[in-house]
Every structure is written in C-alpha cells, then in structure tokens.
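Trainee: The structure is given below, and queries will be raised subsequently.
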Amino acid sequence: MDLFDIIGPVMIGPSSSHTAGAARIGRLVRRMLGEPLSAAAIAFHGSFAKTWKGHGTDRAVIGGLMDMDVDDTRLRDSLALAAEEGLRYTFTTVNLQGAHPNTMIIDAIGQSGKSLRAQAASVGGGRVRIQSLDRLEVNFTGEDNTLLIRHRDAPGAIAQVTGLLALAGVNIATMRVFREEEGGNAVMVLELDALPDAETVNALTHLRGVKAVTLFEKR
Amino acid sequence: MRIDGSMRDLVEAAGSGSIAAVAKREQAARNHLEEIIVAERMHNVLSVMRESVEEGLRPDLRSVTGMVGGQAALLSRHAPNAMGGPVLGRAIARAMAVAECNACMGKIVAAPTAGACGILPASLLTMQEERGYTDAQVVDALFTAAAVGRVIAGRASISGAEGGCQAECGTAAAMTAAALAELQGGTPAMASDACAFAVMNSLGLVCDPVGGLVEVPCVYRNVAGVALALTAADMALAGIVSPLNADEVIDAMKAVGDAMPAGLRETGEGGCAACAGGGARRTRPQA
C-alpha cells in the first residue's frame with residue numbers, strides 16, 4: 001500500500017467512501033464512455049441508498065460524471081453545473097441481493113448517443129471497484145495504469161492486443177478477460193507497468209472486433 | 001526489508017535513524033522517484049491540511065443537516081481559557097475545524113480516513129506553532145504517521161465499517177502519537193510505544209454515526225483523539241516503556257473489531273445513532 005493512500009486522498013468531504021469513492025466511480029464511467037454525458041440515471045443500493053443526500057453522494061457522482069476529480073471544489077456545485085451543461089440526471093434506490101453495502105448502478109448516455117451501464121462499489125478509503133459493464137461481470141479498480149478493452153470474443157483477439165503491446169515495449173503486469181458467452185461481449189483488463197503511447201492506443205482501437213479502448217493512468 | 005508488516009520491522013529498519021527516513025526512502029523507491037519529489041508531494045498535503053484548518057474555523061460554516069459547523073470557531077475563542085492550557089485548546093479547536101470542514105464538504109486530507117481527518121493535522125500544526133518546527137520537520141512527521149497507519153491498516157483495519165471507530169479515530173491518534181514522539185526527538189522505539197499507548201486507549205470505540213453521516217459523534221471524537229495522541233506521546237517521551245508492544249495491541253484492535261456487532265460498525269444503528277430523537281436534532285444558533 002502506498003503511503004499517500006494512508007495520508008490521503010486529498011478530497012472534498014465528508015466521506016471517503018460515500019463522497020470521494022462516488023466521485024471516482026462517476027469519473028471512471030465518464031472515461032469509459034469516452035465523451036461528455038447528456039443523461040445519467042443513477043441507482044443507489046445499501047448504505048448509499050440510505051445516506052446519499054447527507055453525504056453529498058449525488059453531487060459527487062454527478063461531478064465525477066462531469067470528469068471532476070475527488071479534490072475538485074466544483075463537486076459541491078456539480079448539480080447546478082450539470083443543469084448549465086445540459087446533463088439530465090435521476091436518482092433512485094435499488095435493492096441488489098448480496099451486493100457490497102456501497103454499490104451503485106449508473107446508466108450513462110453520451111452526447112453522441114453512446115450508452116454504458118456500469119455497476120460499481122465504493123470499498124473504503126475512496127477506493128472503488130467496477131463490477132459490471134453493460135451487464136457483463138468484471139472486476140477492476142482503475143487505480144493502476146490500466147488498459148480496458150471492450151471487444152467481441154473471437155479467437156486471436158487477445159494475441160492481437162498483447163502483440164501490439166509487445167511491439168510498443170509495454171510490459172503487462174496482470175491481465176484478466178471477462179466474456180458473457182463464446183463470440184459475445186468481452187472485456188480485457190490489463191494492468192501495465194507503463195502507459196502505451198498514443199500511436200499504440202490508436203492501433204488498439206482499430207483492431208477487428210474492438211469496440212472501445214480506455215486508458216486509466218495511475219493516481 | 002519490508003516495513004509495512006509490523007511496528008517491530010518498522011522500528012528495526014529505522015535503526016539509529018528515524019521511521020520518517022525509512023518511510024520516505026521506501027516511498028521514493030516504490031514510485032521510482034527521488035526522495036525530494038515525494039517530500040514535495042507531502043508538502044502539498046501539508047498545505048491542504050493548513051487550508052482545511054482555516055476553512056473549518058469560519059463561524060458561519062454549516063453542514064447540510066445543520067447538526068455541525070461553527071463549533072470550531074467557538075472552541076477557538078475558548079482556547080485561551082482551556083483547562084488543558086492554551087496549547088491543547090488551540091489543538092482541539094483545529095481538530096474540530098478540520099472535521100467540520102470535512103462535514104461541510106470542504107477540501108481535506110483523509111488521515112487515515114475523512115471521518116478521522118482532524119487529529120493529525122491539528123496536533124502537528126499546533127506543536128509546530130508552539131515549538132517552531134520547520135515545514136520539513138513536519139513533513140517528516142507525516143511520513144512517520146503514514147508508515148504507522150499502514151502497519152495498522154495491514155494488521156487490523158482503518159475502516160469504521162470493518163473495525164469501528166477504534167480503526168479510524170484510534171488509528172489517527174496512534175499515527176499522530178508516533179509522529180509527535182519522533183518530531184520531538186524521540187527514538188523509533190518511543191514512537192512505537194506512543195502508538196501502542198494510543199491504540200490501547202481506544203480499543204472498543206464503536207462507529208455509530210447519527211443518521212449514518214460523518215457528523216455526530218465524529219467531529220467530537222476528533223477533538224478527543226487529539227488529547228489521546230498528545231498524552232500517548234508524552235508517556236513515551238517520558239521514558240515509559242509500554243508493557244505490551246505495538247503489534248500486540250494492534251492485533252488486539254483487530255480482534256476487538258471482529259467481535260463488534262454490525263450495529264456498531266458504521267451502520268448508523270447502534271451507539272449514538274440509536275439515541276432517541278429521530279431526525280429532529282438539536283441545532284445551534286449562529287456563532
């Protein structure tokens with residue numbers, strides 16, 4: 001564990017899990033969508049559902065969806081800023097069997113019409129975990145240098161990606177692949193020792209069967 | 001040598017030097033950065049801590065619920081007459097200030113959590129004001145505190161939902177006690193004993209936020225945590241050797257946390273949260 005995870009994060013209060021974690025989840029979703037949002041429907045489960053108003057979880061997640069970081073003072077006014085920028089949002093509560101006490105589901109729609117549904121949990125100290133993307137079960141944090149590739153399951157898909165990274169001299173620390181069924185939607189999560197250059201990322205996005213590439217930089 | 005597994009390893013690695021020095025060196029190696037760069041990052045953390053004190057002392061501050069805010073201003077005005085003396089008076093006012101800044105959606109540094117964010121900055125900044133330590137010395141003390149907090153996070157927990165408030169305000173007090181001991185010239189072993197005393201004195205503290213919010217009793221626990229940290233550091237600096245070593249009491253904290261019923265672990269159900277009154281809490285007029 002990093003010492004700056006113990007003294008830190010620098011964040012807008014009042015709760016590392018209910019405020020900072022919520023903002024971080026929102027921001028990860030914004031990054032994965034790859035464009036500004038026009039609408040978001042957010043469903044809170046468990047402790048989120050009980051205390052979201054008092055913790056500013058609503059402002060935090062909307063701020064995150066507008067690409068604000070956990071220490072951005074604009075988080076406090078994010079609901080007003082969202083209205084100014086034409087981002088429509090709704091908040092509801094939901095009961096998810098067996099889910100982590102601080103879980104939310106975000107249905108995000110981008111300005112070009114792209115959509116993404118993500119389920120994520122805030123697991124303490126501002127750390128978060130993405131649990132599903134478009135109903136496909138996944139498990140990653142986006143804390144380390146992470147390459148996220150959403151693609152169609154096909155033979156050779158993984159080799160193409162690792163081949164390009166090898167050419168770029170990027171070492172893969174860990175790699176996990178999630179898919180719903182053979183030939184169906186799939187997600188690759190690669191934690192990298194260094195970030196690939198823009199040219200490599202561009203090449204990855206143009207691989208056959210690849211739908212979206214997202215890069216998360218280590219905090 | 002790993003320094004995150006036990007206080008014993010941490011003290012041993014510090015040798016005749018300081019916990020701060022080994023912690024800073026390890027952090028630099030971990031990030032592949034020069035020590036001066038990670039120290040600079042900690043300087044920035046210290047700046048945010050200072051700003052959070054200033055923000056929290058505003059008399060007009062109020063949380064969304066109105067339960068807290070503006071109380072740090074009252075404590076600050078009272079500080080010269082504080083029974084523990086003006087130094088403790090100013091320290092507790094600052095702890096309340098940072099905790100209220102947090103409750104009012106201000107910018108703070110989680111130390112180790114947002115709920116317990118007042119204890120460390122209040123204690124260090126007040127001792128700096130009182131004894132003239134340089135910023136570099138205070139930054140070193142923050143590294144000491146972080147290294148101690150990491151050991152507790154690994155062996156026990158720093159989450160109220162897992163271990164109760166002993167894991168949050170207790171850990172913050174232990175980190176602070178160790179940091180104060182080293183800042184004032186104590187040895188790594190003294191810092192470890194200061195940590196042990198602080199943990200010993202917070203065992204069993206439950207996490208019972210009213211309405212599930214980081215307000216009541218959290219801001220008051222930050223105030224008490226300062227007194228706990230200062231007294232623990234004083235015992236160690238006086239040369240009292242803790243009969244129980246820090247690792248043992250940290251493990252005891254873990255066992256106590258595991259034995260705590262869920263209602264006393266940040267569910268907003270037991271303890272203070274169960275007090276009568278429903279949503280109608282007493283609020284104060286403007287300070």
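Residues in the structure tokens are named by chain (A, B, ... in the order shown) and by number from 1 within that chain; ligands are numbered from 1 in the order shown.
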Name all residues at most 10 Å from Ala273 in chain B (count only C-alpha atoms; drop same-chain ones fewer than 6 positions away) and give them as a list of chain:residue names.

Mentor: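 In the requested form, the answer reads B:Cys207, B:Asp208, B:Pro209, B:Val210, B:Gly211, B:Gly212, B:Leu213, B:Val216, B:Pro217, B:Gly263, B:Leu264, B:Glu266, B:Thr267.
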
Trainee: Per residue of chain A within 9 Å of chain B, note the shortest atom pair and the distance in Å to one decimal, counting only C-alpha atoms, and order the rows by chain and increasing residue number, as JSON lines.

Mentor:
{"residue": "A:Met1", "atom": "CA", "partner": "B:Arg150", "partner_atom": "CA", "distance": 7.2}
{"residue": "A:Asp2", "atom": "CA", "partner": "B:Gln27", "partner_atom": "CA", "distance": 7.1}
{"residue": "A:Leu3", "atom": "CA", "partner": "B:Ala146", "partner_atom": "CA", "distance": 5.5}
{"residue": "A:Phe4", "atom": "CA", "partner": "B:Ala146", "partner_atom": "CA", "distance": 7.6}
{"residue": "A:Asp5", "atom": "CA", "partner": "B:Pro112", "partner_atom": "CA", "distance": 7.9}
{"residue": "A:Ile6", "atom": "CA", "partner": "B:Pro112", "partner_atom": "CA", "distance": 4.9}
{"residue": "A:Ile7", "atom": "CA", "partner": "B:Ala111", "partner_atom": "CA", "distance": 4.7}
{"residue": "A:Gly8", "atom": "CA", "partner": "B:Ala110", "partner_atom": "CA", "distance": 4.7}
{"residue": "A:Pro9", "atom": "CA", "partner": "B:Ala110", "partner_atom": "CA", "distance": 5.7}
{"residue": "A:Val10", "atom": "CA", "partner": "B:Val109", "partner_atom": "CA", "distance": 4.3}
{"residue": "A:Met11", "atom": "CA", "partner": "B:Lys107", "partner_atom": "CA", "distance": 5.4}
{"residue": "A:Ile12", "atom": "CA", "partner": "B:Lys107", "partner_atom": "CA", "distance": 4.3}
{"residue": "A:Gly13", "atom": "CA", "partner": "B:Met105", "partner_atom": "CA", "distance": 4.3}
{"residue": "A:Pro14", "atom": "CA", "partner": "B:Ala103", "partner_atom": "CA", "distance": 4.6}
{"residue": "A:Ser15", "atom": "CA", "partner": "B:Ala114", "partner_atom": "CA", "distance": 5.5}
{"residue": "A:Ser16", "atom": "CA", "partner": "B:Ala114", "partner_atom": "CA", "distance": 5.5}
{"residue": "A:Ser17", "atom": "CA", "partner": "B:Ala114", "partner_atom": "CA", "distance": 8.8}
{"residue": "A:Thr19", "atom": "CA", "partner": "B:Met105", "partner_atom": "CA", "distance": 8.9}
{"residue": "A:Ser47", "atom": "CA", "partner": "B:Thr267", "partner_atom": "CA", "distance": 7.6}
{"residue": "A:Lys50", "atom": "CA", "partner": "B:Gly212", "partner_atom": "CA", "distance": 8.0}
{"residue": "A:Thr51", "atom": "CA", "partner": "B:Gly212", "partner_atom": "CA", "distance": 6.3}
{"residue": "A:Lys53", "atom": "CA", "partner": "B:Val64", "partner_atom": "CA", "distance": 8.7}
{"residue": "A:Gly54", "atom": "CA", "partner": "B:Leu213", "partner_atom": "CA", "distance": 6.4}
{"residue": "A:His55", "atom": "CA", "partner": "B:Leu213", "partner_atom": "CA", "distance": 6.5}
{"residue": "A:Gly56", "atom": "CA", "partner": "B:Met105", "partner_atom": "CA", "distance": 7.7}
{"residue": "A:Asp71", "atom": "CA", "partner": "B:Lys107", "partner_atom": "CA", "distance": 6.5}
{"residue": "A:Asp72", "atom": "CA", "partner": "B:Lys107", "partner_atom": "CA", "distance": 8.2}
{"residue": "A:Thr73", "atom": "CA", "partner": "B:Lys107", "partner_atom": "CA", "distance": 7.1}
{"residue": "A:Leu75", "atom": "CA", "partner": "B:Met105", "partner_atom": "CA", "distance": 8.8}
{"residue": "A:Arg76", "atom": "CA", "partner": "B:Met105", "partner_atom": "CA", "distance": 6.8}
{"residue": "A:Gly124", "atom": "CA", "partner": "B:Ser159", "partner_atom": "CA", "distance": 6.7}
{"residue": "A:Gly125", "atom": "CA", "partner": "B:Thr113", "partner_atom": "CA", "distance": 6.1}
{"residue": "A:Gly126", "atom": "CA", "partner": "B:Thr113", "partner_atom": "CA", "distance": 8.8}

Trainee: Go ahead and save the picked residues with N, CA, C and O atoms, as a short mmCIF file (atom, residue, chain, number, x, y, z; two decimals), in the first residue's frame.

Mentor:
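Now in again-v5.cif:
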data_model
loop_
_atom_site.label_atom_id
_atom_site.label_comp_id
_atom_site.auth_asym_id
_atom_site.auth_seq_id
_atom_site.Cartn_x
_atom_site.Cartn_y
_atom_site.Cartn_z
N MET A 1 0.84 -1.20 0.00
CA MET A 1 0.00 0.00 0.00
C MET A 1 0.88 1.26 0.00
O MET A 1 1.92 1.30 0.64
N ASP A 2 0.43 2.24 -0.74
CA ASP A 2 1.16 3.49 -0.88
C ASP A 2 0.94 4.37 0.36
O ASP A 2 -0.16 4.42 0.91
N LEU A 3 1.98 5.06 0.82
CA LEU A 3 1.82 5.93 2.00
C LEU A 3 0.80 7.04 1.75
O LEU A 3 0.14 7.51 2.67
N PHE A 4 0.67 7.44 0.48
CA PHE A 4 -0.29 8.51 0.17
C PHE A 4 -1.73 7.98 0.09
O PHE A 4 -2.66 8.75 -0.12
N ASP A 5 -1.90 6.66 0.25
CA ASP A 5 -3.24 6.12 0.45
C ASP A 5 -3.63 6.19 1.92
O ASP A 5 -4.81 6.10 2.27
N ILE A 6 -2.62 6.29 2.80
CA ILE A 6 -2.89 6.40 4.25
C ILE A 6 -3.11 7.87 4.62
O ILE A 6 -4.09 8.19 5.29
N ILE A 7 -2.19 8.73 4.19
CA ILE A 7 -2.40 10.17 4.36
C ILE A 7 -2.85 10.67 3.00
O ILE A 7 -2.06 11.06 2.16
N GLY A 8 -4.12 10.63 2.78
CA GLY A 8 -4.72 10.94 1.51
C GLY A 8 -5.88 10.00 1.28
O GLY A 8 -6.06 9.08 2.07
N PRO A 9 -6.72 10.18 0.31
CA PRO A 9 -6.55 11.21 -0.71
C PRO A 9 -6.88 12.62 -0.20
O PRO A 9 -7.55 12.75 0.82
N VAL A 10 -6.38 13.60 -0.93
CA VAL A 10 -6.89 14.97 -0.76
C VAL A 10 -8.25 14.96 -1.43
O VAL A 10 -8.37 14.56 -2.59
N MET A 11 -9.26 15.32 -0.67
CA MET A 11 -10.63 15.12 -1.19
C MET A 11 -11.62 16.12 -0.62
O MET A 11 -11.37 16.74 0.41
N ILE A 12 -12.73 16.24 -1.29
CA ILE A 12 -13.86 17.01 -0.78
C ILE A 12 -14.66 16.08 0.15
O ILE A 12 -14.96 14.95 -0.22
N GLY A 13 -14.96 16.56 1.37
CA GLY A 13 -15.67 15.74 2.35
C GLY A 13 -17.11 15.51 1.96
O GLY A 13 -17.55 16.01 0.92
N PRO A 14 -17.83 14.78 2.80
CA PRO A 14 -17.47 14.34 4.14
C PRO A 14 -17.02 12.88 4.26
O PRO A 14 -16.58 12.51 5.33
N SER A 15 -17.10 12.09 3.24
CA SER A 15 -16.84 10.66 3.44
C SER A 15 -15.98 10.11 2.31
O SER A 15 -16.29 10.32 1.14
N SER A 16 -14.91 9.41 2.69
CA SER A 16 -14.06 8.86 1.64
C SER A 16 -14.83 7.84 0.81
O SER A 16 -14.69 7.79 -0.41
N SER A 17 -15.68 7.05 1.45
CA SER A 17 -16.42 6.04 0.69
C SER A 17 -17.65 6.62 -0.01
O SER A 17 -17.93 6.28 -1.15
N THR A 19 -18.37 9.93 -0.63
CA THR A 19 -18.18 11.13 -1.44
C THR A 19 -17.04 10.91 -2.44
O THR A 19 -17.27 10.90 -3.65
N SER A 47 -26.02 1.24 1.88
CA SER A 47 -25.71 2.44 2.65
C SER A 47 -25.82 3.69 1.76
O SER A 47 -26.27 4.74 2.21
N LYS A 50 -29.35 4.76 1.72
CA LYS A 50 -29.85 5.35 2.97
C LYS A 50 -29.32 6.76 3.22
O LYS A 50 -29.98 7.58 3.83
N THR A 51 -28.09 7.02 2.81
CA THR A 51 -27.44 8.26 3.25
C THR A 51 -26.88 9.14 2.13
O THR A 51 -26.07 10.01 2.38
N LYS A 53 -28.00 11.61 0.40
CA LYS A 53 -28.23 13.06 0.45
C LYS A 53 -27.26 13.74 1.42
O LYS A 53 -26.63 14.73 1.08
N GLY A 54 -27.18 13.20 2.63
CA GLY A 54 -26.34 13.82 3.66
C GLY A 54 -24.86 13.76 3.36
O GLY A 54 -24.09 14.56 3.86
N HIS A 55 -24.45 12.81 2.55
CA HIS A 55 -23.04 12.66 2.22
C HIS A 55 -22.66 13.37 0.94
O HIS A 55 -21.51 13.31 0.51
N GLY A 56 -23.64 14.00 0.28
CA GLY A 56 -23.31 14.65 -0.99
C GLY A 56 -22.93 13.63 -2.06
O GLY A 56 -22.24 13.97 -3.02
N ASP A 71 -10.82 15.89 -5.52
CA ASP A 71 -10.47 17.09 -4.75
C ASP A 71 -10.93 18.37 -5.44
O ASP A 71 -10.50 19.46 -5.10
N ASP A 72 -11.82 18.23 -6.41
CA ASP A 72 -12.28 19.38 -7.19
C ASP A 72 -13.40 20.09 -6.40
O ASP A 72 -14.46 19.51 -6.15
N THR A 73 -13.15 21.35 -6.04
CA THR A 73 -14.14 22.07 -5.20
C THR A 73 -15.46 22.29 -5.96
O THR A 73 -16.49 22.56 -5.34
N LEU A 75 -17.19 20.06 -7.11
CA LEU A 75 -18.08 18.95 -6.76
C LEU A 75 -19.29 19.45 -5.97
O LEU A 75 -20.40 18.95 -6.12
N ARG A 76 -19.04 20.45 -5.09
CA ARG A 76 -20.12 20.98 -4.24
C ARG A 76 -21.27 21.54 -5.07
O ARG A 76 -22.41 21.50 -4.66
N GLY A 124 -14.09 1.54 0.42
CA GLY A 124 -13.43 2.09 1.60
C GLY A 124 -12.23 2.95 1.25
O GLY A 124 -11.48 2.63 0.33
N GLY A 125 -12.08 4.05 2.01
CA GLY A 125 -10.93 4.92 1.80
C GLY A 125 -10.88 5.58 0.44
O GLY A 125 -9.83 6.03 0.00
N GLY A 126 -12.03 5.62 -0.26
CA GLY A 126 -12.08 6.24 -1.58
C GLY A 126 -11.74 5.27 -2.70
O GLY A 126 -11.75 5.63 -3.87
#

Trainee: Using DSSP secondary structure from the backbone, list all strand (DSSP E or B) positions within range 38-212 of chain B, as a list in words.

Mentor: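 Here is the list: Lys107, Ile108, Val109 and Cys207 of chain B.
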
Trainee: Do you know which residues are at most 7 Å from range 29-43 of chain A counting only C-alpha atoms, after dropping those on the same chain fewer than 6 positions away, and could you put them as an MDAnalysis selection string?

Mentor: chainID A and resid 65:67 86:94 104:111 116 214

Trainee: Out of range 124-179 of chain B, which residues get alpha helix (DSSP H) from DSSP, as number ranges by chain?

Mentor: B: 124-131, 135-155, 160-163, 165, 171-179

Trainee: Pick out the residues sitting within 9 Å of range 181-189 of chain B, and hand them over as a PyMOL selection string; count only C-alpha atoms, and ignore anything fewer than 2 positions along from it in its own chain.

Mentor: chain B and resi 8+10-12+14-20+124+133+137-138+140-141+144+176-179+191-194+230+232-234+236-237+241

Trainee: Contacts of range 148-161 of chain A at 6 Å or less, counting only C-alpha atoms, minus same-chain residues fewer than 3 places along, as number ranges by chain?

Mentor: A: 164, 183-189, 209-214

Trainee: Generate the output file for the selected residues, N, CA and C atoms, as a CSV table (one decimal), in the first residue's frame.

Mentor:
chain,number,residue,atom,x,y,z
A,164,LEU,N,0.5,-6.1,-30.0
A,164,LEU,CA,0.8,-4.6,-30.2
A,164,LEU,C,1.5,-4.0,-29.0
A,183,GLY,N,-18.1,-15.8,-28.4
A,183,GLY,CA,-18.5,-14.9,-29.5
A,183,GLY,C,-19.2,-13.7,-29.1
A,184,GLY,N,-19.5,-13.6,-27.8
A,184,GLY,CA,-20.3,-12.4,-27.2
A,184,GLY,C,-19.4,-11.3,-26.8
A,185,ASN,N,-20.0,-10.4,-26.0
A,185,ASN,CA,-19.3,-9.2,-25.5
A,185,ASN,C,-18.2,-9.7,-24.5
A,186,ALA,N,-17.1,-9.0,-24.6
A,186,ALA,CA,-16.0,-9.4,-23.8
A,186,ALA,C,-15.2,-8.1,-23.3
A,187,VAL,N,-14.5,-8.2,-22.2
A,187,VAL,CA,-13.7,-7.1,-21.7
A,187,VAL,C,-12.4,-7.7,-21.3
A,188,MET,N,-11.3,-7.0,-21.8
A,188,MET,CA,-10.0,-7.3,-21.3
A,188,MET,C,-9.5,-6.2,-20.4
A,189,VAL,N,-9.0,-6.6,-19.2
A,189,VAL,CA,-8.4,-5.6,-18.3
A,189,VAL,C,-6.9,-5.9,-18.1
A,209,GLY,N,-12.9,-6.2,-34.1
A,209,GLY,CA,-13.7,-6.7,-33.0
A,209,GLY,C,-13.6,-5.8,-31.8
A,210,VAL,N,-12.7,-4.8,-31.8
A,210,VAL,CA,-12.6,-3.9,-30.6
A,210,VAL,C,-13.6,-2.8,-30.7
A,211,LYS,N,-14.3,-2.7,-29.6
A,211,LYS,CA,-15.4,-1.6,-29.6
A,211,LYS,C,-15.0,-0.4,-28.9
A,212,ALA,N,-14.2,-0.5,-27.9
A,212,ALA,CA,-13.8,0.7,-27.1
A,212,ALA,C,-12.5,0.4,-26.4
A,213,VAL,N,-11.6,1.4,-26.3
A,213,VAL,CA,-10.4,1.3,-25.6
A,213,VAL,C,-10.3,2.5,-24.6
A,214,THR,N,-10.1,2.1,-23.3
A,214,THR,CA,-10.0,3.2,-22.3
A,214,THR,C,-8.7,3.0,-21.6

Trainee: Nearest to His100 in chain A: which of A:Ile62, A:His45, A:Ala80, A:Asp134 is it, counting only C-alpha atoms?

Mentor: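 Distance minimum relative to His100 in chain A lands on A:His45.
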